[in-house]
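I have placed the structure first, in the form of structure tokens, so that the comments after it can refer back to it.
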Amino acid sequence: MLKVSNLTLSRGGRSLVNNLNFKVKSGEALLITGVNGSGKSTLASAIAGNFKADSGSVELSGKLGVLLQNIEIDFPISVEEFIDLAGTDVVNDQLINHLISEDIRGKKITQLSVGQLQRVEIAQVLRLNPDFYLLDEPFSAQDKENTELLIEFFKALKAKGKGILIINHIQLNLDGLIDEVLNLSR
């Protein structure tokens, strides 16, 4: 289980999140939405352990796979090498093969479009085969077709008992995937 208890976050003296509580169990999916500046990405960073909370706690039983927003990758390795940085376990390779088209497999990471890079980053998280997925804006650089493809992947992961936390600035039609929606209001 991923459990957030009484979490309070601020940045630059500005309060973002106050006493936030939620949990995501295995086989469940939670969507967190909110306007720009409401603390969604800061929350994702705190859950991932990259940002210190003012108070509260994050508890995790199992392995967490993290996709954070706007990660810059500026080294010339291939798509395959990048995915393999997460390990060479082939548990989710069928999903990865559907997600990463043949035309980008041989390219260098620095040659990809923003949407392609985002799918490659998701593939790397899939390769980790975590128990829980923390996905910050996983659809932001995707067209309609790839958004629908990702939603189907996430549904398959949920059906396999994986817990999923999606943070998105808008509430998409995620029928059949999301069990609960939490809106961070300012």
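We name chains A, B, ... following the order of the structure tokens; residues begin at 1 in each chain, and ligands are numbered from 1 as shown.
Excluding A:Ile96 and any residue on its chain fewer than 3 positions from it, the residues at most 8 Å away by only C-alpha atoms are Asn92, Asp93, Leu99, Ile100, Ala123, Leu126 and Arg127 of chain A.
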Convert the current residue selection to file output with all heavy atoms, as a PDB file, in the first residue's frame.
ATOM      1  N   ASN A  92       7.593  -7.006 -18.269  1.00  0.00           N
ATOM      2  CA  ASN A  92       6.632  -6.165 -18.986  1.00  0.00           C
ATOM      3  C   ASN A  92       7.046  -5.884 -20.427  1.00  0.00           C
ATOM      4  O   ASN A  92       6.562  -4.943 -21.037  1.00  0.00           O
ATOM      5  CB  ASN A  92       6.439  -4.846 -18.234  1.00  0.00           C
ATOM      6  CG  ASN A  92       5.661  -5.019 -16.960  1.00  0.00           C
ATOM      7  OD1 ASN A  92       4.657  -5.726 -16.927  1.00  0.00           O
ATOM      8  ND2 ASN A  92       6.127  -4.402 -15.893  1.00  0.00           N
ATOM      9  N   ASP A  93       7.911  -6.706 -21.006  1.00  0.00           N
ATOM     10  CA  ASP A  93       8.415  -6.419 -22.341  1.00  0.00           C
ATOM     11  C   ASP A  93       7.334  -6.422 -23.414  1.00  0.00           C
ATOM     12  O   ASP A  93       7.438  -5.691 -24.395  1.00  0.00           O
ATOM     13  CB  ASP A  93       9.549  -7.367 -22.719  1.00  0.00           C
ATOM     14  CG  ASP A  93      10.898  -6.835 -22.262  1.00  0.00           C
ATOM     15  OD1 ASP A  93      10.925  -5.799 -21.568  1.00  0.00           O
ATOM     16  OD2 ASP A  93      11.918  -7.435 -22.610  1.00  0.00           O
ATOM     17  N   LEU A  99       4.438  -0.159 -26.727  1.00  0.00           N
ATOM     18  CA  LEU A  99       4.565   1.259 -26.412  1.00  0.00           C
ATOM     19  C   LEU A  99       5.645   1.953 -27.235  1.00  0.00           C
ATOM     20  O   LEU A  99       5.498   3.109 -27.632  1.00  0.00           O
ATOM     21  CB  LEU A  99       4.892   1.401 -24.912  1.00  0.00           C
ATOM     22  CG  LEU A  99       4.899   2.781 -24.295  1.00  0.00           C
ATOM     23  CD1 LEU A  99       3.539   3.449 -24.423  1.00  0.00           C
ATOM     24  CD2 LEU A  99       5.287   2.687 -22.828  1.00  0.00           C
ATOM     25  N   ILE A 100       6.723   1.246 -27.515  1.00  0.00           N
ATOM     26  CA  ILE A 100       7.874   1.831 -28.216  1.00  0.00           C
ATOM     27  C   ILE A 100       7.915   1.290 -29.643  1.00  0.00           C
ATOM     28  O   ILE A 100       8.209   0.123 -29.862  1.00  0.00           O
ATOM     29  CB  ILE A 100       9.195   1.498 -27.488  1.00  0.00           C
ATOM     30  CG1 ILE A 100       9.123   1.918 -26.019  1.00  0.00           C
ATOM     31  CG2 ILE A 100      10.378   2.146 -28.189  1.00  0.00           C
ATOM     32  CD1 ILE A 100       8.839   3.383 -25.803  1.00  0.00           C
ATOM     33  N   ALA A 123       8.260   3.395 -20.456  1.00  0.00           N
ATOM     34  CA  ALA A 123       8.767   2.039 -20.708  1.00  0.00           C
ATOM     35  C   ALA A 123       9.832   1.663 -19.689  1.00  0.00           C
ATOM     36  O   ALA A 123       9.881   0.522 -19.207  1.00  0.00           O
ATOM     37  CB  ALA A 123       9.313   1.929 -22.133  1.00  0.00           C
ATOM     38  N   LEU A 126       8.117   0.747 -16.576  1.00  0.00           N
ATOM     39  CA  LEU A 126       7.529  -0.592 -16.739  1.00  0.00           C
ATOM     40  C   LEU A 126       8.584  -1.674 -16.539  1.00  0.00           C
ATOM     41  O   LEU A 126       8.316  -2.717 -15.939  1.00  0.00           O
ATOM     42  CB  LEU A 126       6.914  -0.744 -18.129  1.00  0.00           C
ATOM     43  CG  LEU A 126       5.585  -0.054 -18.385  1.00  0.00           C
ATOM     44  CD1 LEU A 126       5.263  -0.054 -19.874  1.00  0.00           C
ATOM     45  CD2 LEU A 126       4.472  -0.725 -17.595  1.00  0.00           C
ATOM     46  N   ARG A 127       9.788  -1.441 -17.047  1.00  0.00           N
ATOM     47  CA  ARG A 127      10.868  -2.417 -16.942  1.00  0.00           C
ATOM     48  C   ARG A 127      11.218  -2.702 -15.474  1.00  0.00           C
ATOM     49  O   ARG A 127      11.626  -3.798 -15.124  1.00  0.00           O
ATOM     50  CB  ARG A 127      12.091  -1.917 -17.709  1.00  0.00           C
ATOM     51  CG  ARG A 127      13.317  -2.800 -17.658  1.00  0.00           C
ATOM     52  CD  ARG A 127      13.126  -4.203 -18.239  1.00  0.00           C
ATOM     53  NE  ARG A 127      12.848  -4.279 -19.627  1.00  0.00           N
ATOM     54  CZ  ARG A 127      13.712  -4.188 -20.624  1.00  0.00           C
ATOM     55  NH1 ARG A 127      14.983  -3.995 -20.384  1.00  0.00           N
ATOM     56  NH2 ARG A 127      13.315  -4.302 -21.868  1.00  0.00           N
TER      57      ARG A 127
END
- Query: Which neighbours of A:Val35 fall inside 10 Å, counting only C-alpha atoms, when residues of the same chain fewer than 4 positions from it are skipped, and could you give them as a PyMOL selection string?
  - Reply: chain A and resi 39-40+168-170+183-186
- Query: DSSP on the backbone: what in stretch 2-186 of chain A comes out helix (DSSP H, G or I), as a PyMOL selection string?
  - Reply: chain A and resi 40-48+79-84+93-99+102-105+109-111+114-128+144-159
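Using only C-alpha atoms, the smallest distance between any of A:Ile73, A:Ser140, A:Leu134, A:Gly87 and A:Ile109 comes from A:Ile73.
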- Message: Need to verify the contact set: A:Pro138, 12 Å, only C-alpha atoms, exclusion of same-chain residues closer than 6 positions in sequence. Can you return it as a PyMOL selection string?
- Response: chain A and resi 31+41+66-70+114-123+125+146-151+153-154+164-170+172
File of the preceding selection, C-alpha atoms, as a PDB file, in the first residue's frame:
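Below is the file again_39.pdb, written as the result:
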ATOM      1  CA  LEU A  31      -6.199  10.336  -9.897  1.00  0.00           C
ATOM      2  CA  SER A  41       4.260  17.937  -8.965  1.00  0.00           C
ATOM      3  CA  VAL A  66       8.228   6.876 -10.688  1.00  0.00           C
ATOM      4  CA  LEU A  67       7.603   9.039 -13.746  1.00  0.00           C
ATOM      5  CA  LEU A  68       8.217  12.668 -12.859  1.00  0.00           C
ATOM      6  CA  GLN A  69       7.354  15.572 -15.110  1.00  0.00           C
ATOM      7  CA  ASN A  70       9.952  17.510 -17.137  1.00  0.00           C
ATOM      8  CA  VAL A 114       8.882  15.158 -26.222  1.00  0.00           C
ATOM      9  CA  GLY A 115       6.055  12.624 -26.640  1.00  0.00           C
ATOM     10  CA  GLN A 116       8.407   9.846 -27.744  1.00  0.00           C
ATOM     11  CA  LEU A 117      10.732  10.555 -24.827  1.00  0.00           C
ATOM     12  CA  GLN A 118       7.816  10.448 -22.406  1.00  0.00           C
ATOM     13  CA  ARG A 119       6.787   6.998 -23.704  1.00  0.00           C
ATOM     14  CA  VAL A 120      10.386   5.782 -23.399  1.00  0.00           C
ATOM     15  CA  GLU A 121      10.482   7.027 -19.787  1.00  0.00           C
ATOM     16  CA  ILE A 122       7.228   5.145 -19.107  1.00  0.00           C
ATOM     17  CA  ALA A 123       8.767   2.039 -20.708  1.00  0.00           C
ATOM     18  CA  VAL A 125       9.338   2.488 -15.365  1.00  0.00           C
ATOM     19  CA  ASN A 146      -1.091   7.299 -27.552  1.00  0.00           C
ATOM     20  CA  THR A 147      -3.128   8.581 -24.593  1.00  0.00           C
ATOM     21  CA  GLU A 148      -5.670   5.830 -25.238  1.00  0.00           C
ATOM     22  CA  LEU A 149      -2.853   3.278 -25.563  1.00  0.00           C
ATOM     23  CA  LEU A 150      -1.363   4.356 -22.224  1.00  0.00           C
ATOM     24  CA  ILE A 151      -4.755   4.208 -20.514  1.00  0.00           C
ATOM     25  CA  PHE A 153      -1.657  -0.249 -20.438  1.00  0.00           C
ATOM     26  CA  PHE A 154      -2.447   1.224 -17.044  1.00  0.00           C
ATOM     27  CA  ILE A 164      -1.426   3.386  -9.676  1.00  0.00           C
ATOM     28  CA  LEU A 165      -1.299   7.052  -8.689  1.00  0.00           C
ATOM     29  CA  ILE A 166      -1.769   9.409 -11.634  1.00  0.00           C
ATOM     30  CA  ILE A 167      -1.252  13.126 -11.226  1.00  0.00           C
ATOM     31  CA  ASN A 168      -2.761  15.151 -14.046  1.00  0.00           C
ATOM     32  CA  HIS A 169      -3.710  18.816 -14.374  1.00  0.00           C
ATOM     33  CA  ILE A 170      -6.960  17.972 -16.144  1.00  0.00           C
ATOM     34  CA  LEU A 172      -9.423  12.972 -18.556  1.00  0.00           C
TER      35      LEU A 172
END
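Atom CA of A:Thr33 is found 20.2 Å from atom CA of A:Asn50.
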- Item | Near-A:Thr110 list (8 Å; only C-alpha atoms; drop same-chain fewer than 5 positions) as a PyMOL selection string | chain A and resi 73-77
- Task: Name all residues at most 9 Å from A:Val58 (count only C-alpha atoms; drop same-chain ones fewer than 4 positions away) and give them as a count of residues only.
- Result: 8
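Closest approach to A:His98 from the set A:Glu152, A:Glu180, A:Asp84, A:Glu72 is made by A:Glu152, with distances taken over only C-alpha atoms.
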- Item | Backbone DSSP call of strand (DSSP E) for stretch 5-159 of chain A, listed as an MDAnalysis selection string | chainID A and resid 5:11 14:24 29:34 55:60 64:67 132:136
What does the file look like for those residues with C-alpha atoms, as a compact mmCIF listing (two decimals), in the first residue's frame?
# COMPACT_ATOMS: atom_id res chain seq x y z
CA SER A 5 -0.73 10.73 6.11
CA ASN A 6 -1.14 14.36 7.21
CA LEU A 7 1.28 15.52 4.53
CA THR A 8 2.00 19.25 4.47
CA LEU A 9 4.12 20.81 1.72
CA SER A 10 5.30 24.32 1.05
CA ARG A 11 7.76 25.82 -1.39
CA ARG A 14 4.07 29.35 0.03
CA SER A 15 1.78 26.65 1.41
CA LEU A 16 0.83 24.09 -1.25
CA VAL A 17 -0.68 21.07 0.48
CA ASN A 18 -2.04 20.93 4.04
CA ASN A 19 -2.62 17.72 6.00
CA LEU A 20 -3.26 15.59 2.91
CA ASN A 21 -4.37 12.00 3.47
CA PHE A 22 -4.95 9.22 0.96
CA LYS A 23 -3.98 5.65 0.21
CA VAL A 24 -3.62 3.51 -2.87
CA ALA A 29 -5.88 3.65 -9.11
CA LEU A 30 -6.14 7.19 -7.76
CA LEU A 31 -6.20 10.34 -9.90
CA ILE A 32 -5.00 13.58 -8.34
CA THR A 33 -5.95 16.73 -10.27
CA GLY A 34 -5.64 20.43 -9.65
CA SER A 55 5.25 17.39 8.14
CA GLY A 56 3.43 14.12 7.68
CA SER A 57 4.54 10.84 6.21
CA VAL A 58 4.63 8.68 3.12
CA GLU A 59 4.57 4.92 3.67
CA LEU A 60 5.11 2.33 0.99
CA LEU A 64 7.64 2.29 -6.38
CA GLY A 65 8.14 3.13 -10.06
CA VAL A 66 8.23 6.88 -10.69
CA LEU A 67 7.60 9.04 -13.75
CA PHE A 132 3.08 0.85 -7.37
CA TYR A 133 3.29 3.42 -10.16
CA LEU A 134 3.57 7.15 -9.49
CA LEU A 135 2.90 8.90 -12.80
CA ASP A 136 3.13 12.70 -12.91
- Between A:Lys107, A:Lys52, A:Lys63, A:Lys25, which has the minimum distance to A:Ser78 (counting only C-alpha atoms)? A:Lys107
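As for atom CA of A:Glu80 and atom CA of A:Arg105, they are spaced 6.2 Å apart.
Here the question is which of A:Pro130, A:Gly163, A:Gln142, A:Leu157 gets nearest to A:Leu95 using only C-alpha atoms, and that residue is A:Leu157.
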